[in-house]
Structures are given as C-alpha cells and as structure tokens.
>>> print(open('start.pdb').read())   # PDB, C-alpha atoms
ATOM      1  CA  MET A   1      97.338 140.424  89.493  1.00  0.00           C
ATOM      2  CA  THR A   2      96.320 139.099  86.153  1.00  0.00           C
ATOM      3  CA  LEU A   3      95.310 135.595  85.249  1.00  0.00           C
ATOM      4  CA  LEU A   4      98.265 135.266  82.887  1.00  0.00           C
ATOM      5  CA  PHE A   5     100.680 135.951  85.737  1.00  0.00           C
ATOM      6  CA  HIS A   6      99.049 133.234  87.828  1.00  0.00           C
ATOM      7  CA  LEU A   7      99.255 130.760  84.953  1.00  0.00           C
ATOM      8  CA  ILE A   8     102.919 131.530  84.395  1.00  0.00           C
ATOM      9  CA  LEU A   9     103.582 131.164  88.122  1.00  0.00           C
ATOM     10  CA  LEU A  10     101.783 127.795  88.122  1.00  0.00           C
ATOM     11  CA  PHE A  11     103.813 126.666  85.123  1.00  0.00           C
ATOM     12  CA  VAL A  12     107.116 127.690  86.702  1.00  0.00           C
ATOM     13  CA  ALA A  13     106.204 125.926  89.944  1.00  0.00           C
ATOM     14  CA  CYS A  14     105.287 122.743  88.041  1.00  0.00           C
ATOM     15  CA  VAL A  15     108.550 122.791  86.123  1.00  0.00           C
ATOM     16  CA  VAL A  16     110.681 123.465  89.210  1.00  0.00           C
ATOM     17  CA  VAL A  17     109.031 120.680  91.218  1.00  0.00           C
ATOM     18  CA  SER A  18     109.372 118.303  88.262  1.00  0.00           C
ATOM     19  CA  ILE A  19     113.060 119.072  87.711  1.00  0.00           C
ATOM     20  CA  LEU A  20     113.951 118.816  91.397  1.00  0.00           C
ATOM     21  CA  GLY A  21     111.987 115.584  91.732  1.00  0.00           C
ATOM     22  CA  ALA A  22     113.634 114.035  88.676  1.00  0.00           C
ATOM     23  CA  ILE A  23     117.081 114.990  89.959  1.00  0.00           C
ATOM     24  CA  LEU A  24     116.319 113.490  93.357  1.00  0.00           C
ATOM     25  CA  LEU A  25     114.918 110.366  91.727  1.00  0.00           C
ATOM     26  CA  PHE A  26     118.185 109.608  89.976  1.00  0.00           C
ATOM     27  CA  PHE A  27     120.627 110.688  92.674  1.00  0.00           C
ATOM     28  CA  VAL A  28     119.091 109.344  95.892  1.00  0.00           C
ATOM     29  CA  HIS A  29     120.550 105.913  96.653  1.00  0.00           C
ATOM     30  CA  ASN A  30     118.309 104.957  99.577  1.00  0.00           C
ATOM     31  CA  GLN A  31     115.774 102.538  98.057  1.00  0.00           C
ATOM     32  CA  LYS A  32     112.890 103.432 100.396  1.00  0.00           C
ATOM     33  CA  MET A  33     113.377 107.135  99.790  1.00  0.00           C
ATOM     34  CA  GLN A  34     113.664 106.555  96.052  1.00  0.00           C
ATOM     35  CA  ASN A  35     110.401 104.567  96.075  1.00  0.00           C
ATOM     36  CA  ALA A  36     108.638 107.392  97.913  1.00  0.00           C
ATOM     37  CA  ILE A  37     109.963 110.001  95.476  1.00  0.00           C
ATOM     38  CA  PHE A  38     108.948 107.757  92.575  1.00  0.00           C
ATOM     39  CA  VAL A  39     105.351 107.416  93.788  1.00  0.00           C
ATOM     40  CA  VAL A  40     105.055 111.158  94.398  1.00  0.00           C
ATOM     41  CA  LEU A  41     106.497 111.966  90.964  1.00  0.00           C
ATOM     42  CA  GLY A  42     104.222 109.419  89.291  1.00  0.00           C
ATOM     43  CA  GLY A  43     101.206 111.089  90.862  1.00  0.00           C
ATOM     44  CA  TRP A  44     102.596 114.523  90.041  1.00  0.00           C
ATOM     45  CA  ALA A  45     103.085 113.556  86.390  1.00  0.00           C
ATOM     46  CA  PHE A  46      99.504 112.339  86.210  1.00  0.00           C
ATOM     47  CA  VAL A  47      98.212 115.562  87.813  1.00  0.00           C
ATOM     48  CA  ILE A  48     100.165 117.693  85.342  1.00  0.00           C
ATOM     49  CA  SER A  49      98.797 115.616  82.460  1.00  0.00           C
ATOM     50  CA  TYR A  50      95.288 115.994  83.837  1.00  0.00           C
ATOM     51  CA  VAL A  51      95.627 119.777  84.094  1.00  0.00           C
ATOM     52  CA  ASN A  52      97.097 119.848  80.611  1.00  0.00           C
ATOM     53  CA  ALA A  53      94.311 117.701  79.140  1.00  0.00           C
ATOM     54  CA  ILE A  54      91.432 119.631  80.680  1.00  0.00           C
ATOM     55  CA  SER A  55      92.930 122.992  79.751  1.00  0.00           C
ATOM     56  CA  ILE A  56      92.994 122.157  76.038  1.00  0.00           C
ATOM     57  CA  PRO A  57      89.752 123.081  74.221  1.00  0.00           C
ATOM     58  CA  MET A  58      87.413 120.209  73.328  1.00  0.00           C
ATOM     59  CA  VAL A  59      87.976 120.803  69.618  1.00  0.00           C
ATOM     60  CA  TYR A  60      91.591 119.628  69.874  1.00  0.00           C
ATOM     61  CA  VAL A  61      90.897 115.974  70.609  1.00  0.00           C
ATOM     62  CA  GLY A  62      94.300 114.809  69.323  1.00  0.00           C
ATOM     63  CA  GLN A  63      96.192 117.071  71.686  1.00  0.00           C
ATOM     64  CA  GLN A  64      93.977 116.006  74.582  1.00  0.00           C
ATOM     65  CA  MET A  65      94.623 112.348  73.822  1.00  0.00           C
ATOM     66  CA  LEU A  66      98.367 113.037  73.690  1.00  0.00           C
ATOM     67  CA  ALA A  67      98.194 114.713  77.106  1.00  0.00           C
ATOM     68  CA  TRP A  68      96.336 111.700  78.526  1.00  0.00           C
ATOM     69  CA  ILE A  69      98.882 109.316  76.979  1.00  0.00           C
ATOM     70  CA  PHE A  70     101.685 111.150  78.772  1.00  0.00           C
ATOM     71  CA  GLY A  71      99.749 110.782  82.022  1.00  0.00           C
ATOM     72  CA  PHE A  72      99.179 107.080  81.495  1.00  0.00           C
ATOM     73  CA  LEU A  73     102.887 106.706  80.795  1.00  0.00           C
ATOM     74  CA  ALA A  74     103.390 107.445  84.496  1.00  0.00           C
ATOM     75  CA  ALA A  75     100.851 104.736  85.347  1.00  0.00           C
ATOM     76  CA  VAL A  76     102.731 102.277  83.134  1.00  0.00           C
ATOM     77  CA  ALA A  77     105.926 103.211  84.953  1.00  0.00           C
ATOM     78  CA  LEU A  78     104.237 102.408  88.273  1.00  0.00           C
ATOM     79  CA  LEU A  79     103.168  99.017  86.934  1.00  0.00           C
ATOM     80  CA  ILE A  80     106.653  98.249  85.643  1.00  0.00           C
ATOM     81  CA  ARG A  81     108.216  99.289  88.934  1.00  0.00           C
ATOM     82  CA  TYR A  82     106.050  97.125  91.153  1.00  0.00           C
ATOM     83  CA  ALA A  83     105.180  94.215  88.832  1.00  0.00           C
ATOM     84  CA  GLY A  84     108.567  93.659  87.182  1.00  0.00           C
ATOM     85  CA  LYS A  85     110.925  90.895  88.153  1.00  0.00           C
ATOM     86  CA  THR A  86     114.349  92.149  87.101  1.00  0.00           C
ATOM     87  CA  HIS A  87     116.520  94.780  88.733  1.00  0.00           C
ATOM     88  CA  LYS A  88     116.444  96.930  85.550  1.00  0.00           C
ATOM     89  CA  ARG A  89     112.806  97.785  86.237  1.00  0.00           C
ATOM     90  CA  TYR A  90     113.928 100.568  88.568  1.00  0.00           C
ATOM     91  CA  LEU A  91     115.872 102.382  85.884  1.00  0.00           C
ATOM     92  CA  VAL A  92     113.200 101.843  83.225  1.00  0.00           C
ATOM     93  CA  SER A  93     110.432 103.100  85.490  1.00  0.00           C
ATOM     94  CA  ASN A  94     112.498 106.128  86.552  1.00  0.00           C
ATOM     95  CA  VAL A  95     113.111 107.023  82.915  1.00  0.00           C
ATOM     96  CA  LEU A  96     109.416 106.599  82.034  1.00  0.00           C
ATOM     97  CA  VAL A  97     108.287 108.860  84.865  1.00  0.00           C
ATOM     98  CA  THR A  98     110.867 111.458  83.858  1.00  0.00           C
ATOM     99  CA  ILE A  99     109.684 111.319  80.236  1.00  0.00           C
ATOM    100  CA  SER A 100     106.100 111.681  81.431  1.00  0.00           C
ATOM    101  CA  LEU A 101     107.005 114.695  83.574  1.00  0.00           C
ATOM    102  CA  VAL A 102     109.000 116.443  80.868  1.00  0.00           C
ATOM    103  CA  SER A 103     106.473 115.805  78.111  1.00  0.00           C
ATOM    104  CA  SER A 104     103.527 116.881  80.269  1.00  0.00           C
ATOM    105  CA  ALA A 105     105.247 120.088  81.337  1.00  0.00           C
ATOM    106  CA  LEU A 106     106.304 120.779  77.755  1.00  0.00           C
ATOM    107  CA  GLY A 107     102.750 120.157  76.573  1.00  0.00           C
ATOM    108  CA  MET A 108     101.464 122.589  79.184  1.00  0.00           C
ATOM    109  CA  PHE A 109     103.969 125.172  77.963  1.00  0.00           C
ATOM    110  CA  LEU A 110     103.087 124.697  74.296  1.00  0.00           C
ATOM    111  CA  PHE A 111      99.343 125.136  74.870  1.00  0.00           C
ATOM    112  CA  MET A 112      99.610 127.967  77.400  1.00  0.00           C
ATOM    113  CA  GLN A 113      98.639 131.152  75.579  1.00  0.00           C
TER     114      GLN A 113
END
>>> encode(input="start.pdb", output="structure tokens")
Amino acid sequence: MTLLFHLILLFVACVVVSILGAILLFFVHNQKMQNAIFVVLGGWAFVISYVNAISIPMVYVGQQMLAWIFGFLAAVALLIRYAGKTHKRYLVSNVLVTISLVSSALGMFLFMQ
C-alpha cells in the first residue's frame, strides 16, 4: 500500500475519533464520564496539533505557529475547566476543545498533499 493511502487512513481515523468524541462530550450527562471524555479529547487535540505542526515544512513558520496555537487552545480549555469558579466553565471548555479539534483536523487536511 502506498504512503498516501496510509496518510488518508490516518486522517479519516483522526476525524472520526474527533467527531465521535465531540458528540459524546456534549451529549453525555454523567459529570464523571464527561470529565474523562474531556481530558481524553484535550490530549487528542494536542496530539493532532503536534502531528500537524511537525508535518509542516520548517519554511512555513506561520502555519506551524497556527498549528501550535490550536494545540494550546486545548490546554487553555483544560485550565478553564479545572481552575474556573462558575458553572459556565464546563460549556466554555467543551466549546474550546471542540474548536481545537476541528481546527487541528482541518489544518491537517489543508496541508496534507
């Protein structure tokens, strides 16, 4: 099998896991389960951003920085989730992790050639 096929398979797997995780994050009502899904998705978003950032050539520093920013958005969501004091922190952190997942996967798609 060719390398391109493996890259496309990796991309599809990343997108499917991200979509299923984001759906579960918003529709699971058990708080402990939601926290576990949130931590896993936060780590997953950072891993996707890492793969995206290291796969971009060194000449494209702006695109690499953008990929890292999307990864650190997941870290900010973790900080908001566990350091916030209001009840709205759960929704805000869920939205930030979802944005990080979507933007990282989209960035991987745009630079995959």
>>> atom_distance(input="start.pdb", atom1="CA of Ile80 in chain A", atom2="CA of Val95 in chain A")
11.2 Å
>>> closest_residue(input="start.pdb", among="A:Asn30, A:Ser18, A:Thr98, A:Ser104", to="Gln64 in chain A", atoms="all atoms listed in the file")
A:Ser104
>>> atom_distance(input="start.pdb", atom1="CA of Tyr60 in chain A", atom2="CA of Val16 in chain A")
27.4 Å
>>> atom_distance(input="start.pdb", atom1="CA of Phe26 in chain A", atom2="CA of Val51 in chain A")
25.4 Å
>>> resolve_selection(input="start.pdb", expression="the PyMOL selection byres ((chain A and resi 19) around 12)", output="MDAnalysis selection string")
chainID A and resid 12:18 20:26 41 44:45 97:102 105
>>> write_last_selection(input="start.pdb", atoms="C-alpha atoms", output="PDB file, in the frame of the given file")
ATOM      1  CA  VAL A  12     107.116 127.690  86.702  1.00  0.00           C
ATOM      2  CA  ALA A  13     106.204 125.926  89.944  1.00  0.00           C
ATOM      3  CA  CYS A  14     105.287 122.743  88.041  1.00  0.00           C
ATOM      4  CA  VAL A  15     108.550 122.791  86.123  1.00  0.00           C
ATOM      5  CA  VAL A  16     110.681 123.465  89.210  1.00  0.00           C
ATOM      6  CA  VAL A  17     109.031 120.680  91.218  1.00  0.00           C
ATOM      7  CA  SER A  18     109.372 118.303  88.262  1.00  0.00           C
ATOM      8  CA  LEU A  20     113.951 118.816  91.397  1.00  0.00           C
ATOM      9  CA  GLY A  21     111.987 115.584  91.732  1.00  0.00           C
ATOM     10  CA  ALA A  22     113.634 114.035  88.676  1.00  0.00           C
ATOM     11  CA  ILE A  23     117.081 114.990  89.959  1.00  0.00           C
ATOM     12  CA  LEU A  24     116.319 113.490  93.357  1.00  0.00           C
ATOM     13  CA  LEU A  25     114.918 110.366  91.727  1.00  0.00           C
ATOM     14  CA  PHE A  26     118.185 109.608  89.976  1.00  0.00           C
ATOM     15  CA  LEU A  41     106.497 111.966  90.964  1.00  0.00           C
ATOM     16  CA  TRP A  44     102.596 114.523  90.041  1.00  0.00           C
ATOM     17  CA  ALA A  45     103.085 113.556  86.390  1.00  0.00           C
ATOM     18  CA  VAL A  97     108.287 108.860  84.865  1.00  0.00           C
ATOM     19  CA  THR A  98     110.867 111.458  83.858  1.00  0.00           C
ATOM     20  CA  ILE A  99     109.684 111.319  80.236  1.00  0.00           C
ATOM     21  CA  SER A 100     106.100 111.681  81.431  1.00  0.00           C
ATOM     22  CA  LEU A 101     107.005 114.695  83.574  1.00  0.00           C
ATOM     23  CA  VAL A 102     109.000 116.443  80.868  1.00  0.00           C
ATOM     24  CA  ALA A 105     105.247 120.088  81.337  1.00  0.00           C
TER      25      ALA A 105
END
>>> closest_residue(input="start.pdb", among="A:Leu79, A:Ala74, A:Leu110, A:Met33", to="Ser49 in chain A", atoms="all atoms listed in the file")
A:Ala74
>>> resolve_selection(input="start.pdb", expression="the PyMOL selection byres ((chain A and resi 70) around 7)", output="list in words")
Ser49, Leu66, Ala67, Trp68, Ile69, Gly71, Phe72, Leu73, Ser100, Ser103 and Ser104 of chain A
>>> write_last_selection(input="start.pdb", atoms="C-alpha atoms", output="PDB file, in the frame of the given file")
ATOM      1  CA  SER A  49      98.797 115.616  82.460  1.00  0.00           C
ATOM      2  CA  LEU A  66      98.367 113.037  73.690  1.00  0.00           C
ATOM      3  CA  ALA A  67      98.194 114.713  77.106  1.00  0.00           C
ATOM      4  CA  TRP A  68      96.336 111.700  78.526  1.00  0.00           C
ATOM      5  CA  ILE A  69      98.882 109.316  76.979  1.00  0.00           C
ATOM      6  CA  GLY A  71      99.749 110.782  82.022  1.00  0.00           C
ATOM      7  CA  PHE A  72      99.179 107.080  81.495  1.00  0.00           C
ATOM      8  CA  LEU A  73     102.887 106.706  80.795  1.00  0.00           C
ATOM      9  CA  SER A 100     106.100 111.681  81.431  1.00  0.00           C
ATOM     10  CA  SER A 103     106.473 115.805  78.111  1.00  0.00           C
ATOM     11  CA  SER A 104     103.527 116.881  80.269  1.00  0.00           C
TER      12      SER A 104
END
>>> build_atoms(input="start.pdb", residues="range 76-92 of chain A", atoms="N, CA and C atoms", output="JSON list (two decimals), in the frame of the given file")
[["chain", "number", "residue", "atom", "x", "y", "z"],
["A", 76, "VAL", "N", 101.98, 103.43, 83.64],
["A", 76, "VAL", "CA", 102.73, 102.28, 83.13],
["A", 76, "VAL", "C", 104.04, 102.13, 83.89],
["A", 77, "ALA", "N", 104.67, 103.25, 84.19],
["A", 77, "ALA", "CA", 105.93, 103.21, 84.95],
["A", 77, "ALA", "C", 105.69, 102.63, 86.35],
["A", 78, "LEU", "N", 104.57, 102.99, 86.96],
["A", 78, "LEU", "CA", 104.24, 102.41, 88.27],
["A", 78, "LEU", "C", 104.04, 100.90, 88.17],
["A", 79, "LEU", "N", 103.36, 100.46, 87.12],
["A", 79, "LEU", "CA", 103.17, 99.02, 86.93],
["A", 79, "LEU", "C", 104.49, 98.29, 86.71],
["A", 80, "ILE", "N", 105.35, 98.88, 85.90],
["A", 80, "ILE", "CA", 106.65, 98.25, 85.64],
["A", 80, "ILE", "C", 107.46, 98.18, 86.93],
["A", 81, "ARG", "N", 107.42, 99.23, 87.71],
["A", 81, "ARG", "CA", 108.22, 99.29, 88.93],
["A", 81, "ARG", "C", 107.81, 98.22, 89.94],
["A", 82, "TYR", "N", 106.51, 98.02, 90.10],
["A", 82, "TYR", "CA", 106.05, 97.12, 91.15],
["A", 82, "TYR", "C", 105.61, 95.75, 90.66],
["A", 83, "ALA", "N", 105.56, 95.53, 89.34],
["A", 83, "ALA", "CA", 105.18, 94.22, 88.83],
["A", 83, "ALA", "C", 106.33, 93.53, 88.10],
["A", 84, "GLY", "N", 107.43, 94.24, 87.89],
["A", 84, "GLY", "CA", 108.57, 93.66, 87.18],
["A", 84, "GLY", "C", 109.35, 92.71, 88.06],
["A", 85, "LYS", "N", 110.17, 91.90, 87.41],
["A", 85, "LYS", "CA", 110.92, 90.90, 88.15],
["A", 85, "LYS", "C", 112.44, 91.14, 88.12],
["A", 86, "THR", "N", 112.91, 91.93, 87.19],
["A", 86, "THR", "CA", 114.35, 92.15, 87.10],
["A", 86, "THR", "C", 114.74, 93.42, 87.85],
["A", 87, "HIS", "N", 116.03, 93.59, 88.04],
["A", 87, "HIS", "CA", 116.52, 94.78, 88.73],
["A", 87, "HIS", "C", 116.50, 96.01, 87.81],
["A", 88, "LYS", "N", 116.46, 95.81, 86.50],
["A", 88, "LYS", "CA", 116.44, 96.93, 85.55],
["A", 88, "LYS", "C", 115.12, 97.69, 85.57],
["A", 89, "ARG", "N", 114.11, 97.13, 86.21],
["A", 89, "ARG", "CA", 112.81, 97.78, 86.24],
["A", 89, "ARG", "C", 112.88, 99.13, 86.93],
["A", 90, "TYR", "N", 113.80, 99.29, 87.87],
["A", 90, "TYR", "CA", 113.93, 100.57, 88.57],
["A", 90, "TYR", "C", 114.38, 101.67, 87.61],
["A", 91, "LEU", "N", 115.38, 101.38, 86.82],
["A", 91, "LEU", "CA", 115.87, 102.38, 85.88],
["A", 91, "LEU", "C", 114.84, 102.68, 84.81],
["A", 92, "VAL", "N", 114.21, 101.65, 84.28],
["A", 92, "VAL", "CA", 113.20, 101.84, 83.22],
["A", 92, "VAL", "C", 112.03, 102.66, 83.76]]
